[in-house]
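Coordinates from my_file.tsv are shown below (TSV, C-alpha atoms).
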```
chain	number	residue	atom	x	y	z
H	1	MET	CA	0.00	0.00	0.00
H	2	ILE	CA	1.30	3.44	-0.91
H	3	GLU	CA	1.00	6.14	1.73
H	4	VAL	CA	0.27	9.57	0.34
H	5	PRO	CA	1.45	12.43	2.56
H	6	ASP	CA	-1.05	15.10	3.55
H	7	PHE	CA	-1.12	18.23	1.41
H	8	VAL	CA	0.57	21.21	3.03
H	9	PRO	CA	0.36	24.50	1.11
H	10	LYS	CA	3.45	26.67	0.71
H	11	GLN	CA	3.59	29.32	3.40
H	12	GLU	CA	5.31	31.97	1.26
H	13	LEU	CA	2.80	31.76	-1.62
H	14	HIS	CA	-0.04	34.28	-1.54
H	15	ILE	CA	-2.93	34.26	-3.95
H	16	GLN	CA	-4.58	37.48	-5.05
H	17	ALA	CA	-8.15	37.38	-3.75
H	18	ASN	CA	-9.29	40.64	-5.34
H	19	GLU	CA	-7.96	43.20	-7.80
H	20	SER	CA	-7.06	45.76	-5.13
H	21	ASN	CA	-4.58	43.40	-3.46
H	22	THR	CA	-1.38	43.92	-5.46
H	23	ASN	CA	1.03	42.58	-2.83
H	24	VAL	CA	0.96	39.00	-4.06
H	25	GLN	CA	3.39	36.73	-5.78
H	26	SER	CA	2.34	35.22	-9.06
H	27	ASP	CA	3.71	32.48	-11.23
H	28	THR	CA	4.58	33.94	-14.59
H	29	ASP	CA	4.79	32.14	-17.89
H	30	ASP	CA	8.51	32.95	-17.91
H	31	SER	CA	9.16	30.72	-14.90
H	32	HIS	CA	7.43	27.84	-16.67
H	33	ASP	CA	9.42	28.50	-19.85
H	34	VAL	CA	12.70	28.52	-17.91
H	35	GLU	CA	11.82	25.23	-16.23
H	36	PHE	CA	10.74	23.70	-19.54
H	37	ASN	CA	13.92	24.84	-21.28
H	38	LYS	CA	16.02	23.38	-18.46
H	39	TYR	CA	14.43	19.97	-18.95
H	40	ALA	CA	14.37	20.19	-22.74
H	41	ASN	CA	18.08	21.04	-22.88
H	42	SER	CA	18.91	18.12	-20.59
H	43	LEU	CA	17.45	15.64	-23.10
H	44	THR	CA	19.83	14.04	-25.53
H	45	LEU	CA	18.98	13.20	-29.11
H	46	PRO	CA	19.18	9.51	-29.93
H	47	SER	CA	21.95	8.44	-32.26
H	48	SER	CA	21.02	6.92	-35.60
H	49	GLU	CA	22.39	3.55	-34.41
H	50	SER	CA	20.03	3.42	-31.41
H	51	VAL	CA	16.87	4.07	-33.44
H	52	PRO	CA	15.55	0.82	-34.87
H	53	LEU	CA	14.72	0.72	-38.55
H	54	LEU	CA	11.06	0.14	-39.32
H	55	HIS	CA	10.13	-2.36	-41.98
H	56	PRO	CA	6.63	-2.69	-43.43
H	57	VAL	CA	4.83	-5.93	-42.78
H	58	ALA	CA	2.47	-7.35	-45.37
H	59	PHE	CA	-1.00	-7.94	-43.95
H	60	ASP	CA	-2.44	-11.37	-44.67
H	61	LYS	CA	-6.07	-11.88	-43.72
H	62	ASP	CA	-5.51	-15.64	-43.68
H	63	TYR	CA	-2.87	-15.42	-40.96
H	64	ASP	CA	-4.53	-15.68	-37.53
H	65	TYR	CA	-1.90	-13.54	-35.78
H	66	TYR	CA	-2.99	-10.45	-37.73
H	67	MET	CA	-6.67	-11.26	-37.63
H	68	HIS	CA	-6.71	-11.62	-33.84
H	69	PHE	CA	-5.42	-8.04	-33.62
H	70	VAL	CA	-7.86	-6.78	-36.26
H	71	THR	CA	-10.71	-8.49	-34.40
H	72	ALA	CA	-9.65	-7.34	-30.93
H	73	CYS	CA	-9.44	-3.61	-31.76
H	74	PRO	CA	-13.05	-3.14	-32.90
H	75	ASN	CA	-14.28	-5.52	-30.21
H	76	LEU	CA	-12.64	-3.39	-27.51
H	77	HIS	CA	-14.22	-0.32	-29.08
H	78	ALA	CA	-17.60	-2.08	-29.18
H	79	LEU	CA	-17.35	-3.06	-25.52
H	80	ASN	CA	-16.84	0.60	-24.58
H	81	TYR	CA	-20.15	1.53	-26.22
H	82	ASN	CA	-22.15	-1.63	-25.43
H	83	ILE	CA	-22.20	-2.66	-29.10
H	84	PRO	CA	-22.29	-6.39	-29.93
H	85	THR	CA	-18.85	-7.80	-30.74
H	86	ASP	CA	-17.93	-9.95	-33.75
H	87	GLU	CA	-16.09	-13.23	-34.07
H	88	LEU	CA	-12.82	-13.87	-35.89
H	89	HIS	CA	-14.52	-15.41	-38.94
H	90	ARG	CA	-16.88	-12.44	-39.38
H	91	SER	CA	-13.91	-10.05	-39.09
H	92	ARG	CA	-12.03	-12.09	-41.70
H	93	ALA	CA	-14.97	-11.78	-44.13
H	94	ILE	CA	-15.14	-8.04	-43.57
H	95	ALA	CA	-11.36	-7.68	-43.91
H	96	ARG	CA	-11.45	-9.21	-47.39
H	97	LYS	CA	-13.67	-6.37	-48.53
H	98	ILE	CA	-12.33	-3.35	-46.71
H	99	ILE	CA	-8.58	-3.79	-46.18
H	100	PRO	CA	-7.77	-1.13	-48.82
H	101	ALA	CA	-10.27	1.25	-47.21
H	102	ILE	CA	-8.87	0.62	-43.72
H	103	THR	CA	-5.29	1.28	-44.73
H	104	THR	CA	-6.11	4.37	-46.77
H	105	THR	CA	-8.33	5.90	-44.10
H	106	SER	CA	-5.94	5.03	-41.27
H	107	ALA	CA	-3.03	6.61	-43.11
H	108	LEU	CA	-5.05	9.73	-43.86
H	109	VAL	CA	-6.37	10.15	-40.31
H	110	THR	CA	-2.93	9.47	-38.85
H	111	GLY	CA	-1.44	12.14	-41.09
H	112	LEU	CA	-4.07	14.70	-40.08
H	113	ILE	CA	-3.58	13.90	-36.39
H	114	CYS	CA	0.19	14.28	-36.77
H	115	LEU	CA	-0.26	17.70	-38.38
H	116	GLU	CA	-2.27	18.84	-35.36
H	117	PHE	CA	0.17	17.14	-32.96
H	118	TYR	CA	3.08	19.11	-34.46
H	119	LYS	CA	1.25	22.25	-33.39
H	120	LEU	CA	1.12	20.98	-29.81
H	121	VAL	CA	4.76	19.99	-29.49
H	122	GLY	CA	6.29	22.59	-31.79
H	123	ILE	CA	4.84	25.77	-30.33
H	124	ALA	CA	4.90	27.01	-26.75
H	125	GLN	CA	1.46	26.53	-25.21
H	126	HIS	CA	1.01	30.16	-24.20
H	127	MET	CA	1.56	31.20	-27.85
H	128	THR	CA	-0.98	28.75	-29.29
H	129	LYS	CA	-4.45	30.08	-30.05
H	130	ILE	CA	-7.54	27.99	-30.71
H	131	LYS	CA	-7.54	29.28	-34.30
H	132	SER	CA	-4.29	27.38	-34.85
H	133	TYR	CA	-6.08	24.03	-34.63
H	134	ASN	CA	-8.39	22.47	-37.20
H	135	ASN	CA	-11.15	19.90	-37.22
H	136	GLY	CA	-11.02	17.49	-40.14
H	137	PHE	CA	-13.83	15.61	-41.85
H	138	VAL	CA	-13.11	13.07	-44.56
H	139	ASN	CA	-15.41	10.87	-46.63
H	140	LEU	CA	-13.33	8.79	-49.01
H	141	ALA	CA	-16.41	7.19	-50.59
H	142	ILE	CA	-17.24	10.47	-52.35
H	143	SER	CA	-13.72	11.96	-52.25
H	144	PHE	CA	-14.74	14.72	-49.84
H	145	LYS	CA	-12.28	16.43	-47.49
H	146	MET	CA	-13.00	19.40	-45.26
H	147	MET	CA	-10.91	21.21	-42.66
H	148	SER	CA	-12.74	23.62	-40.39
H	149	ASP	CA	-11.78	25.92	-37.56
H	150	LEU	CA	-12.54	24.85	-34.04
H	151	THR	CA	-14.98	26.86	-32.03
H	152	PRO	CA	-14.19	27.73	-28.45
H	153	PRO	CA	-16.29	26.06	-25.76
H	154	ALA	CA	-19.45	27.82	-24.69
H	155	LYS	CA	-18.92	30.21	-21.81
H	156	THR	CA	-21.34	29.85	-18.96
H	157	GLY	CA	-21.78	32.06	-15.97
H	158	SER	CA	-21.86	31.14	-12.36
H	159	CYS	CA	-25.12	31.29	-10.47
H	160	ARG	CA	-23.26	33.04	-7.62
H	161	LYS	CA	-22.82	36.80	-7.75
```

Let me see the file written as structure tokens.
Amino acid sequence: MIEVPDFVPKQELHIQANESNTNVQSDTDDSHDVEFNKYANSLTLPSSESVPLLHPVAFDKDYDYYMHFVTACPNLHALNYNIPTDELHRSRAIARKIIPAITTTSALVTGLICLEFYKLVGIAQHMTKIKSYNNGFVNLAISFKMMSDLTPPAKTGSCRK
């Protein structure tokens, strides 16, 4: 059993309770940037010898090793949403028909996610605006692609005044 120590707030930290109280310490974005840069500079880049080379693997719907994975992924998704799961043989029949669609769509969605991910890791968070991110919709059946701006979440007020 792990014992978690009781929370004890810092004594020297004061939080501004109202706008007239200007005698408070505040964490600035600069302190976070300095701490981030300290950790980022301590990381070392891997050498080309330590990075394994990736080799493509040919998918074979008749090989059970691959089909168990292809069956397990949608079944796990189905269990999350209380949808009936399918058996290996049903997944194999579906895989014969849609393997090209799966690979094309997966590659496309992965590429779009990576483009958005680069925005997260490549730009400091305090510089990123919601307009920098996009929402993507793709329908490969009719060759339709659409990127749209995200909308900020709805702002609600408190019932306290």

Skip Glu116 of chain H itself and residues of its chain fewer than 6 positions away, then list as a PyMOL selection string all residues within 12 Å of it, counting all atoms listed in the file. chain H and resi 109-110+122-123+128+130-136+147+150

If we count all atoms listed in the file and set the cut-off at 12 Å, which residues sit around segment 57-65 of chain H, ignoring sequence neighbours fewer than 6 positions away in its own chain? Please answer as a ChimeraX atom specification. /H:71-72,88-100,102-103

Residue subset to file, keeping C-alpha atoms, as an mmCIF file, keeping the file's coordinate frame:
```cif
data_model
loop_
_atom_site.group_PDB
_atom_site.id
_atom_site.type_symbol
_atom_site.label_atom_id
_atom_site.label_comp_id
_atom_site.auth_asym_id
_atom_site.auth_seq_id
_atom_site.Cartn_x
_atom_site.Cartn_y
_atom_site.Cartn_z
ATOM 1 C CA THR H 71 -10.710 -8.490 -34.400
ATOM 2 C CA ALA H 72 -9.650 -7.340 -30.930
ATOM 3 C CA LEU H 88 -12.820 -13.870 -35.890
ATOM 4 C CA HIS H 89 -14.520 -15.410 -38.940
ATOM 5 C CA ARG H 90 -16.880 -12.440 -39.380
ATOM 6 C CA SER H 91 -13.910 -10.050 -39.090
ATOM 7 C CA ARG H 92 -12.030 -12.090 -41.700
ATOM 8 C CA ALA H 93 -14.970 -11.780 -44.130
ATOM 9 C CA ILE H 94 -15.140 -8.040 -43.570
ATOM 10 C CA ALA H 95 -11.360 -7.680 -43.910
ATOM 11 C CA ARG H 96 -11.450 -9.210 -47.390
ATOM 12 C CA LYS H 97 -13.670 -6.370 -48.530
ATOM 13 C CA ILE H 98 -12.330 -3.350 -46.710
ATOM 14 C CA ILE H 99 -8.580 -3.790 -46.180
ATOM 15 C CA PRO H 100 -7.770 -1.130 -48.820
ATOM 16 C CA ILE H 102 -8.870 0.620 -43.720
ATOM 17 C CA THR H 103 -5.290 1.280 -44.730
#
```

Would you kindly identify which residues have an atom no farther than 12 Å from (-11.6, -4.9, -31.9), using only C-alpha atoms and the file's own coordinates, and write them out as a list in words? Tyr66, Met67, His68, Phe69, Val70, Thr71, Ala72, Cys73, Pro74, Asn75, Leu76, His77, Ala78, Leu79, Asn80, Ile83, Pro84, Thr85, Asp86, Glu87, Leu88, Arg90 and Ser91 of chain H

In Å, rounded to a single decimal, give me how far atom CA of Lys129 of chain H is from atom CA of Ser148 of chain H. 14.7 Å

What separates atom CA of Val121 of chain H and atom CA of Phe36 of chain H is a distance of 12.2 Å

Ala141 of chain H surroundings by all atoms listed in the file, 12 Å radius, close-in-sequence under 6 positions cut, as a list in words: Ile98, Ala101, Thr104 and Thr105 of chain H

Taken to one decimal, the atom CA of Leu120 of chain H-atom CA of Ser47 of chain H distance is 24.4 Å

Shortest interatomic distance to Val138 of chain H - which of H:Asn82, H:Leu45, H:Glu3, H:Ser106, counting only C-alpha atoms: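 When distances to Val138 of chain H are compared using only C-alpha atoms, the smallest one comes from H:Ser106.
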
Of the candidates H:Val4, H:Tyr39, H:Leu112, H:Val51, which one gets nearest to Phe137 of chain H if we count all atoms listed in the file? H:Leu112
